Amino acid sequence: MKKMTIHMLANAHLDPVWLWDWREGMNEGITTCKTMLEMMRDYPEFTFIRGEASIYKHIEDNEPELFEEIRQRFEEGRWDIVGGNWVQSDTNLPATTTFLRQFQEGKRYFKEKFGFDVTAAWAADSFGHSAGLPEIYAASGLKYFAFSRPAEHIVHLDKPAFWWKGQGGSEILCYRVPVGWYGCERHEIRTLLDSMLEQGGKYGLENHGVFFGLGNHGGGSSRRQLDEIREWQKEHPEVTVEFSTLHRFFGVLEKEITAKGHDFIPTHQGELNFCLRGCYSSVAKYKYLYRLAEGAIRSASDTAMAVDGFLARPITDFTTPWRGVLFNTFHDILPGSSIERAFEEQIQWVGGVMHECREKEFAALNALARRIDTTVKPVSGDNPKAVPFVVFNPTPNEYNGHVELEAPLDYRPIWAYVNRVAEVPVELLDANFKPLPFQVVENEHQAMVNFPWRKRLVFPLTIPPFGWRKVSVGYQENPALADLVGAEVCAPEEGVITNGIYRVEAKRGYTKLKISRHGKPVGGADGIDFGVYEDKWGSWGGMNEEPDAFNITKRLETWNITNLRMQESGPERASMWVEFSGEKSRIELTIRLYRDRDAVDFRARVVWNERCTRLKMVMGEGDDVVYEVPGGQVTRTKSGDVPGGRWVKIRKGNDIMALASDAFYCYDNQNGEFGVTLCRGSRYATDVFAGPEEYPDRPAADIGELKCRFVITADHEHVDMQALRLEMPPVVISTAPHSGDLPDAGSILSVFPTAVKLAALEMTEDGKMSMALQNQSDAEVETVVVINGKSVPVGKLSPWRIYRQSFDMK
């Protein structure tokens with residue numbers, strides 16, 4: 001065997017937000033980089049690796065001279081740009097689209113500013129890695145991946161170097177930090193090198209990486225560390241020790257493995273999990289908001305890109321909101337492990353992102369609506385005209401479901417119907433002035449309830465992919481009404497709603513909500529309940545991976561149904577409000593069944609006032625559970641806390657129940673229960689194991705109100721579409737009546753078949769539409785994209801591989 005080479009990889013892990021706020025974190029990036037450049041002047045052999053485009057951008061904006069010196073050292077080959085991301089995000093919780101944008105934004109910045117294509121990903125400190133990441137990395141042009149967590153005692157690997165294979169067959173050359181961690185203390189250099197010398201031989205590798213440098217609040221290499229490396233090198237002439245870069249290290253490692261054969265190192269397939277599992281549920285109030293922001297930016301940017309290309313408008317710039325979303329994936333923000341003050345500001349930041357997205361989406365849809373013929377039915381005399389609405393579907397698949405909107409019937413109340421509000425005749429028409437079926441439901445307000453002014457309707461509507469429909473709502477004596485087709489939904493008795501497919505039952509004093517589909521229980525024979533469980537662990541759960549920290553099974557309280565109200569009873573929707581309460585807290589559920597819809601829809605409001613506990617929604621344990629994860633899906637059997645995405649499928653025998661949500665991240669499947677953690681009573685940024693009476697002055701993170709939506713269905717084959725409907729529902733805007741050159745209904749873009757998902761969409765400066773497509777099935781499928789009515793064959797897409805392709809909008 002050739003002489004061992006130890007590649008010294010100096011880095012300075014910096015959490016831009018953690019036990020400090022973003023201002024302190026970002027300015028520390030300036031200080032750390034200045035310090036490392038000083039080291040380079042004094043130690044000519046010294047090299048350094050630094051990732052995260054957000055920090056470079058901050059330096060460029062605030063210290064341009066420093067930025068130019070970094071560029072100089074990069075050109076010399078001593079400063080390595082790694083990661084290719086905007087920040088070092090969490091690597092289990094963000095959406096696939098967000099991951100793709102993370103690397104697109106980071107790599108684009110580095111290419112523009114340094115002319116460099118980053119190919120080495122680097123995750124110093126994130127808490128485990130999704131099974132779908134190899135496909136995301138490969139689609140992003142990343143060939144290599146270095147990381148530190150989870151450690152060997154959690155996930156065994158025969159060698160620190162290995163191939164990581166994705167569900168679609170993509171392979172990434174990976175290297176897990178073999179000794180120490182991603183950094184080191186000032187005094188640890190000799191220990192690290194001694195350990196590497198001792199352990200390196202057993203792997204059969206000639207090239208080994210040692211990561212060192214002060215980290216977490218930045219820092220980097222110290223003079224003592226560099227001096228001791230020099231000294232150790234002189235003492236060990238049998239070993240080559242060289243300061244290296246991550247790209248250089250992976251280059252020689254890949255060359256070595258190529259010479260020895262692909263199978264010289266092992267291949268790992270599946271996730272690299274789990275560690276610090278409390279982060280799947282900490283600070284739910286932030287996680288819920290962040291998930292909404294992901295949906296808002298995806299809906300708004302996809303809508304704007306499609307409309308911009310269709311109307312040949314200037315491309316809407318989503319750089320700032322996207323960078324906001326990406327920054328807030330950071331692995332101490334999204335996982336919920338930062339201080340309270342920091343979270344207050346990150347919540348404000350995410351809220352600003354969402355508002356900016358809504359503004360841009362609104363502008364795009366108004367531009368589209370100006371071109372659509374929105375004329376309404378003529379009226380006689382001084383009667384009010386109907387209000388036209390444009391309903392837009394921001395997804396590449398046809399929407400076939402219900403829409404809800406509220407319209408003013410006149411500029412003032414219709415005085416002839418004062419105290420007879422329910423009798424006001426209303427008409428819902430399509431573009432041809434033909435009546436559509438609808439149901440009047442309660443207005444959002446409860447003001448001046450005896451005055452007939454506004455009406456809220458729910459009605460079924462089919463909307464083309466990335467397309468629109470025009471409808472109008474108006475006051476009309478002797479209105480035209482449509483005939484109903486299909487089973488009527490109703491509330492036959494108190495505590496019961498049904499739509500001919502599902503039946504939902506709730507009774508005061510009971511602990512279970514019972515759901516059945518065609519008479520067969522859904523969610524377990526006993527139904528669904530809500531329980532409070534003891535959880536004295538800190539933000540990260542158990543810092544030493546104690547099993548009790550992720551097997552949260554001690555139930556302290558089971559909530560009872562304390563109140564209910566029957567809200568609606570057909571013909572389009574039946575709805576009831578159900579309250580489950582405990583001693584201190586409660587959850588309010590608005591449960592809805594729609595005509596012909598194979599699902600039960602929930603809107604939940606949690607009013608939480610607990611400490612050192614967590615709230616779970618509980619149903620029957622599954623034999624196994626399929627979880628949506630970034631870049632793919634995984635199947636797990638019995639488990640404590642595990643991360644999951646927008647949907648799960650729970651199999652018990654031959655029965656499969658599916659759950660989709662716009663909020664949930666943490667699940668467990670054990671002791672006869674499948675649990676969904678809704679919120680925790682953990683304190684901010686703590687690793688102290690403590691009960692509710694201890695540290696009473698330290699606030700529990702999730703105290704207050706949390707809202708979310710979820711769907712339960714036995715139609716598990718389409719749960720991905722249910723999740724998409726929650727994330728990107730149809731967008732309704734009212735508009736003015738006018739003629740236009742576009743018809744009342746149309747489609748800009750669609751993707752066939754539905755197994756192929758649109759993971760990313762962007763308009764380029766040359767007028768092309770760039771897409772990332774992923775075949776989320778286990779079979780190869782022939783794929784077609786339809787743009788402006790023109791079919792463009794894409795070809796056969798392999799299962800789970802992410803493909804990037806551009807299309808001419810003309």
# chains A, B, ... in the order shown; residues from 1 in each chain; ligands from 1
call {"tool": "residues_around", "arguments": {"residues": "A:Arg412", "least_positions_apart": "6", "cutoff": "10 Å", "atoms": "only C-alpha atoms", "output": "PyMOL selection string"}}
result
chain A and resi 384+451-454
call {"tool": "write_last_selection", "arguments": {"atoms": "all heavy atoms", "output": "PDB file, in the first residue's frame"}}
result
ATOM      1  N   PRO A 384     -77.760  45.602  -9.195  1.00  0.00           N
ATOM      2  CA  PRO A 384     -76.304  45.431  -9.202  1.00  0.00           C
ATOM      3  C   PRO A 384     -75.874  44.329 -10.174  1.00  0.00           C
ATOM      4  O   PRO A 384     -76.564  43.324 -10.350  1.00  0.00           O
ATOM      5  CB  PRO A 384     -75.984  45.037  -7.762  1.00  0.00           C
ATOM      6  CG  PRO A 384     -77.237  44.397  -7.263  1.00  0.00           C
ATOM      7  CD  PRO A 384     -78.373  45.136  -7.928  1.00  0.00           C
ATOM      8  N   PHE A 451     -78.314  41.970   7.875  1.00  0.00           N
ATOM      9  CA  PHE A 451     -78.253  42.755   6.639  1.00  0.00           C
ATOM     10  C   PHE A 451     -77.692  41.888   5.518  1.00  0.00           C
ATOM     11  O   PHE A 451     -76.565  41.408   5.592  1.00  0.00           O
ATOM     12  CB  PHE A 451     -77.347  43.974   6.827  1.00  0.00           C
ATOM     13  CG  PHE A 451     -77.927  45.044   7.704  1.00  0.00           C
ATOM     14  CD1 PHE A 451     -79.169  44.883   8.300  1.00  0.00           C
ATOM     15  CD2 PHE A 451     -77.230  46.213   7.938  1.00  0.00           C
ATOM     16  CE1 PHE A 451     -79.713  45.861   9.115  1.00  0.00           C
ATOM     17  CE2 PHE A 451     -77.767  47.209   8.746  1.00  0.00           C
ATOM     18  CZ  PHE A 451     -79.013  47.033   9.341  1.00  0.00           C
ATOM     19  N   PRO A 452     -78.447  41.690   4.438  1.00  0.00           N
ATOM     20  CA  PRO A 452     -77.969  40.880   3.310  1.00  0.00           C
ATOM     21  C   PRO A 452     -77.008  41.697   2.437  1.00  0.00           C
ATOM     22  O   PRO A 452     -77.424  42.635   1.761  1.00  0.00           O
ATOM     23  CB  PRO A 452     -79.248  40.514   2.562  1.00  0.00           C
ATOM     24  CG  PRO A 452     -80.196  41.626   2.894  1.00  0.00           C
ATOM     25  CD  PRO A 452     -79.830  42.138   4.246  1.00  0.00           C
ATOM     26  N   TRP A 453     -75.737  41.353   2.469  1.00  0.00           N
ATOM     27  CA  TRP A 453     -74.745  42.138   1.745  1.00  0.00           C
ATOM     28  C   TRP A 453     -73.755  41.226   1.006  1.00  0.00           C
ATOM     29  O   TRP A 453     -73.559  41.340  -0.190  1.00  0.00           O
ATOM     30  CB  TRP A 453     -74.007  43.043   2.742  1.00  0.00           C
ATOM     31  CG  TRP A 453     -73.072  44.024   2.098  1.00  0.00           C
ATOM     32  CD1 TRP A 453     -72.964  44.316   0.773  1.00  0.00           C
ATOM     33  CD2 TRP A 453     -72.135  44.856   2.764  1.00  0.00           C
ATOM     34  NE1 TRP A 453     -72.003  45.268   0.557  1.00  0.00           N
ATOM     35  CE2 TRP A 453     -71.474  45.633   1.772  1.00  0.00           C
ATOM     36  CE3 TRP A 453     -71.783  45.037   4.095  1.00  0.00           C
ATOM     37  CZ2 TRP A 453     -70.477  46.553   2.089  1.00  0.00           C
ATOM     38  CZ3 TRP A 453     -70.804  45.960   4.411  1.00  0.00           C
ATOM     39  CH2 TRP A 453     -70.164  46.717   3.414  1.00  0.00           C
ATOM     40  N   ARG A 454     -73.165  40.278   1.729  1.00  0.00           N
ATOM     41  CA  ARG A 454     -72.174  39.381   1.135  1.00  0.00           C
ATOM     42  C   ARG A 454     -72.684  37.931   1.226  1.00  0.00           C
ATOM     43  O   ARG A 454     -73.420  37.580   2.148  1.00  0.00           O
ATOM     44  CB  ARG A 454     -70.833  39.482   1.872  1.00  0.00           C
ATOM     45  CG  ARG A 454     -70.216  40.867   1.792  1.00  0.00           C
ATOM     46  CD  ARG A 454     -68.948  40.968   2.621  1.00  0.00           C
ATOM     47  NE  ARG A 454     -67.874  40.086   2.156  1.00  0.00           N
ATOM     48  CZ  ARG A 454     -67.041  40.382   1.164  1.00  0.00           C
ATOM     49  NH1 ARG A 454     -67.160  41.531   0.506  1.00  0.00           N
ATOM     50  NH2 ARG A 454     -66.088  39.547   0.806  1.00  0.00           N
TER      51      ARG A 454
END
call {"tool": "closest_atom_pairs", "arguments": {"of": "stretch 659-746 of chain A", "to": "stretch 460-482 of chain A", "cutoff": "9 Å", "atoms": "only C-alpha atoms", "output": "CSV"}}
result
residue,atom,partner,partner_atom,distance
A:Pro730,CA,A:Ile463,CA,8.5
A:Pro743,CA,A:Lys470,CA,8.8
A:Asp744,CA,A:Lys470,CA,5.2
A:Ala745,CA,A:Arg469,CA,4.5
A:Gly746,CA,A:Gly467,CA,5.2
call {"tool": "write_last_selection", "arguments": {"atoms": "C-alpha atoms", "output": "tab-separated table (two decimals), in the first residue's frame"}}
result
chain	number	residue	atom	x	y	z
A	730	PRO	CA	-56.66	27.20	-6.43
A	743	PRO	CA	-61.37	32.67	-23.38
A	744	ASP	CA	-63.07	32.02	-20.09
A	745	ALA	CA	-60.99	28.85	-19.57
A	746	GLY	CA	-57.49	27.94	-20.63
call {"tool": "closest_atom_pairs", "arguments": {"of": "stretch 211-245 of chain A", "to": "stretch 39-42 of chain A", "cutoff": "12 Å", "atoms": "only C-alpha atoms", "output": "JSON lines"}}
result
{"residue": "A:Gly219", "atom": "CA", "partner": "A:Met39", "partner_atom": "CA", "distance": 11.7}
{"residue": "A:Gly220", "atom": "CA", "partner": "A:Met39", "partner_atom": "CA", "distance": 9.8}
{"residue": "A:Ser221", "atom": "CA", "partner": "A:Met39", "partner_atom": "CA", "distance": 8.2}
{"residue": "A:Ser222", "atom": "CA", "partner": "A:Met39", "partner_atom": "CA", "distance": 8.3}
{"residue": "A:Arg223", "atom": "CA", "partner": "A:Met39", "partner_atom": "CA", "distance": 7.7}
{"residue": "A:Arg224", "atom": "CA", "partner": "A:Met39", "partner_atom": "CA", "distance": 11.3}
{"residue": "A:Gln225", "atom": "CA", "partner": "A:Met39", "partner_atom": "CA", "distance": 11.2}
{"residue": "A:Leu226", "atom": "CA", "partner": "A:Met39", "partner_atom": "CA", "distance": 9.1}
{"residue": "A:Asp227", "atom": "CA", "partner": "A:Asp42", "partner_atom": "CA", "distance": 11.2}
{"residue": "A:Phe243", "atom": "CA", "partner": "A:Met40", "partner_atom": "CA", "distance": 11.5}
call {"tool": "write_last_selection", "arguments": {"atoms": "N, CA, C and O atoms", "output": "short mmCIF file (atom, residue, chain, number, x, y, z; two decimals), in the first residue's frame"}}
result
data_model
loop_
_atom_site.label_atom_id
_atom_site.label_comp_id
_atom_site.auth_asym_id
_atom_site.auth_seq_id
_atom_site.Cartn_x
_atom_site.Cartn_y
_atom_site.Cartn_z
N GLY A 219 -14.87 31.08 13.62
CA GLY A 219 -13.58 30.91 14.27
C GLY A 219 -12.52 30.45 13.29
O GLY A 219 -11.63 31.21 12.89
N GLY A 220 -12.57 29.18 12.90
CA GLY A 220 -11.58 28.65 11.98
C GLY A 220 -10.34 28.18 12.70
O GLY A 220 -10.32 27.97 13.91
N SER A 221 -9.26 28.04 11.96
CA SER A 221 -8.03 27.48 12.50
C SER A 221 -7.31 28.50 13.38
O SER A 221 -7.25 29.69 13.06
N SER A 222 -6.72 27.99 14.47
CA SER A 222 -5.93 28.85 15.35
C SER A 222 -4.44 28.66 15.05
O SER A 222 -4.02 27.68 14.44
N ARG A 223 -3.62 29.59 15.52
CA ARG A 223 -2.17 29.49 15.30
C ARG A 223 -1.61 28.26 15.99
O ARG A 223 -0.71 27.59 15.43
N ARG A 224 -2.12 27.97 17.15
CA ARG A 224 -1.64 26.77 17.84
C ARG A 224 -1.91 25.53 17.00
O ARG A 224 -1.06 24.65 16.88
N GLN A 225 -3.09 25.44 16.43
CA GLN A 225 -3.42 24.28 15.60
C GLN A 225 -2.47 24.16 14.42
O GLN A 225 -1.97 23.07 14.12
N LEU A 226 -2.21 25.26 13.74
CA LEU A 226 -1.34 25.20 12.57
C LEU A 226 0.11 24.87 12.95
O LEU A 226 0.78 24.10 12.26
N ASP A 227 0.55 25.41 14.07
CA ASP A 227 1.90 25.09 14.53
C ASP A 227 2.02 23.62 14.89
O ASP A 227 3.02 22.96 14.57
N PHE A 243 -2.05 20.42 3.69
CA PHE A 243 -3.25 21.25 3.74
C PHE A 243 -3.94 21.12 2.39
O PHE A 243 -3.31 21.23 1.35
#
call {"tool": "select_by_dssp", "arguments": {"residues": "stretch 441-657 of chain A", "states": "strand (DSSP E)", "output": "ChimeraX atom specification"}}
result
/A:441,454-463,467-475,490-493,496-498,502-505,514-517,520-522,529-534,555-558,560-569,573-581,586-594,600-608,613-620,624-629,632-636,639-643,647-652,655-657
call {"tool": "residues_around", "arguments": {"residues": "stretch 49-60 of chain A", "least_positions_apart": "4", "cutoff": "8 Å", "atoms": "only C-alpha atoms", "output": "PyMOL selection string"}}
result
chain A and resi 9-12+26+29-30+64+66-67+79-88+106+109-110+122+245-246+327
call {"tool": "closest_atom_pairs", "arguments": {"of": "stretch 448-530 of chain A", "to": "stretch 668-673 of chain A", "cutoff": "12 Å", "atoms": "only C-alpha atoms", "output": "CSV"}}
result
residue,atom,partner,partner_atom,distance
A:Gly523,CA,A:Glu673,CA,10.1
A:Gly524,CA,A:Glu673,CA,9.2
A:Ala525,CA,A:Gly672,CA,11.7
A:Asp526,CA,A:Glu673,CA,11.0
A:Gly527,CA,A:Glu673,CA,11.1
A:Ile528,CA,A:Glu673,CA,10.0
A:Asp529,CA,A:Glu673,CA,10.4
A:Phe530,CA,A:Glu673,CA,11.4
call {"tool": "write_last_selection", "arguments": {"atoms": "N, CA, C and O atoms", "output": "PDB file, in the first residue's frame"}}
result
ATOM      1  N   GLY A 523     -58.361   4.656  10.192  1.00  0.00           N
ATOM      2  CA  GLY A 523     -57.559   5.174  11.296  1.00  0.00           C
ATOM      3  C   GLY A 523     -57.528   4.269  12.502  1.00  0.00           C
ATOM      4  O   GLY A 523     -57.110   4.694  13.581  1.00  0.00           O
ATOM      5  N   GLY A 524     -57.963   3.046  12.344  1.00  0.00           N
ATOM      6  CA  GLY A 524     -58.001   2.106  13.462  1.00  0.00           C
ATOM      7  C   GLY A 524     -59.423   1.859  13.908  1.00  0.00           C
ATOM      8  O   GLY A 524     -60.297   2.734  13.794  1.00  0.00           O
ATOM      9  N   ALA A 525     -59.646   0.667  14.447  1.00  0.00           N
ATOM     10  CA  ALA A 525     -61.006   0.277  14.836  1.00  0.00           C
ATOM     11  C   ALA A 525     -61.584   1.180  15.913  1.00  0.00           C
ATOM     12  O   ALA A 525     -62.792   1.407  15.964  1.00  0.00           O
ATOM     13  N   ASP A 526     -60.702   1.721  16.775  1.00  0.00           N
ATOM     14  CA  ASP A 526     -61.190   2.531  17.890  1.00  0.00           C
ATOM     15  C   ASP A 526     -61.342   3.999  17.536  1.00  0.00           C
ATOM     16  O   ASP A 526     -61.908   4.762  18.311  1.00  0.00           O
ATOM     17  N   GLY A 527     -60.821   4.402  16.396  1.00  0.00           N
ATOM     18  CA  GLY A 527     -60.922   5.800  16.016  1.00  0.00           C
ATOM     19  C   GLY A 527     -59.663   6.579  16.334  1.00  0.00           C
ATOM     20  O   GLY A 527     -58.606   6.023  16.645  1.00  0.00           O
ATOM     21  N   ILE A 528     -59.772   7.897  16.258  1.00  0.00           N
ATOM     22  CA  ILE A 528     -58.643   8.810  16.426  1.00  0.00           C
ATOM     23  C   ILE A 528     -58.836   9.592  17.719  1.00  0.00           C
ATOM     24  O   ILE A 528     -59.943  10.035  18.028  1.00  0.00           O
ATOM     25  N   ASP A 529     -57.739   9.737  18.478  1.00  0.00           N
ATOM     26  CA  ASP A 529     -57.834  10.536  19.687  1.00  0.00           C
ATOM     27  C   ASP A 529     -56.623  11.453  19.830  1.00  0.00           C
ATOM     28  O   ASP A 529     -55.705  11.431  19.014  1.00  0.00           O
ATOM     29  N   PHE A 530     -56.646  12.263  20.884  1.00  0.00           N
ATOM     30  CA  PHE A 530     -55.586  13.236  21.133  1.00  0.00           C
ATOM     31  C   PHE A 530     -55.093  13.059  22.562  1.00  0.00           C
ATOM     32  O   PHE A 530     -55.895  13.017  23.507  1.00  0.00           O
TER      33      PHE A 530
END
call {"tool": "residues_around", "arguments": {"residues": "A:Asn383", "least_positions_apart": "2", "cutoff": "9 Å", "atoms": "only C-alpha atoms", "output": "VMD selection string"}}
result
chain A and resid 379 to 381 385 410 475 to 476
call {"tool": "closest_residue", "arguments": {"among": "A:Ala416, A:Ala574, A:Lys113, A:Pro521", "to": "A:Ala491", "atoms": "only C-alpha atoms"}}
result
A:Ala574
call {"tool": "residues_around", "arguments": {"residues": "stretch 267-278 of chain A", "least_positions_apart": "4", "cutoff": "8 Å", "atoms": "only C-alpha atoms", "output": "ChimeraX atom specification"}}
result
/A:127-132,149-150,154-155,162-167,263,282,537-543,545,549-550,634,641-642
call {"tool": "residues_around", "arguments": {"residues": "A:Pro394", "least_positions_apart": "4", "cutoff": "12 Å", "atoms": "only C-alpha atoms", "output": "number ranges by chain"}}
result
A: 295-307, 361, 364-365, 398-399, 463-468, 724-732, 747-750, 758, 761
call {"tool": "select_by_dssp", "arguments": {"residues": "stretch 294-351 of chain A", "states": "alpha helix (DSSP H)", "output": "NGL selection string"}}
result
:A and (294-311 or 319-327 or 340-351)
call {"tool": "residues_around", "arguments": {"residues": "A:Arg323", "least_positions_apart": "3", "cutoff": "9 Å", "atoms": "only C-alpha atoms", "output": "PDB file with C-alpha atoms, in the first residue's frame"}}
result
ATOM      1  CA  SER A  54     -25.431  33.941   1.882  1.00  0.00           C
ATOM      2  CA  TRP A  86     -27.318  29.392   0.127  1.00  0.00           C
ATOM      3  CA  GLN A 102     -31.030  25.867  -2.412  1.00  0.00           C
ATOM      4  CA  GLU A 105     -29.256  29.754  -5.897  1.00  0.00           C
ATOM      5  CA  PHE A 318     -38.342  36.057  -6.887  1.00  0.00           C
ATOM      6  CA  THR A 319     -34.688  36.242  -5.829  1.00  0.00           C
ATOM      7  CA  THR A 320     -35.313  38.030  -2.520  1.00  0.00           C
ATOM      8  CA  LEU A 326     -33.679  29.280   1.803  1.00  0.00           C
ATOM      9  CA  PHE A 327     -32.032  31.105   4.699  1.00  0.00           C
ATOM     10  CA  ASN A 328     -34.798  29.955   7.005  1.00  0.00           C
TER      11      ASN A 328
END
call {"tool": "closest_residue", "arguments": {"among": "A:Asp117, A:Phe330, A:Glu356, A:Phe48", "to": "A:Gly213", "atoms": "only C-alpha atoms"}}
result
A:Phe48
call {"tool": "atom_distance", "arguments": {"atom1": "atom CA of A:Ile561", "atom2": "atom CA of A:Ala487"}}
result
28.9 Å
call {"tool": "closest_residue", "arguments": {"among": "A:Ala723, A:Val489, A:Val532, A:Leu457", "to": "A:Pro408", "atoms": "only C-alpha atoms"}}
result
A:Leu457
call {"tool": "closest_residue", "arguments": {"among": "A:Arg23, A:Arg248, A:Lys536, A:Lys285", "to": "A:Gly209", "atoms": "only C-alpha atoms"}}
result
A:Arg248
call {"tool": "atom_distance", "arguments": {"atom1": "atom CA of A:Ile650", "atom2": "atom CA of A:Asp623"}}
result
7.6 Å
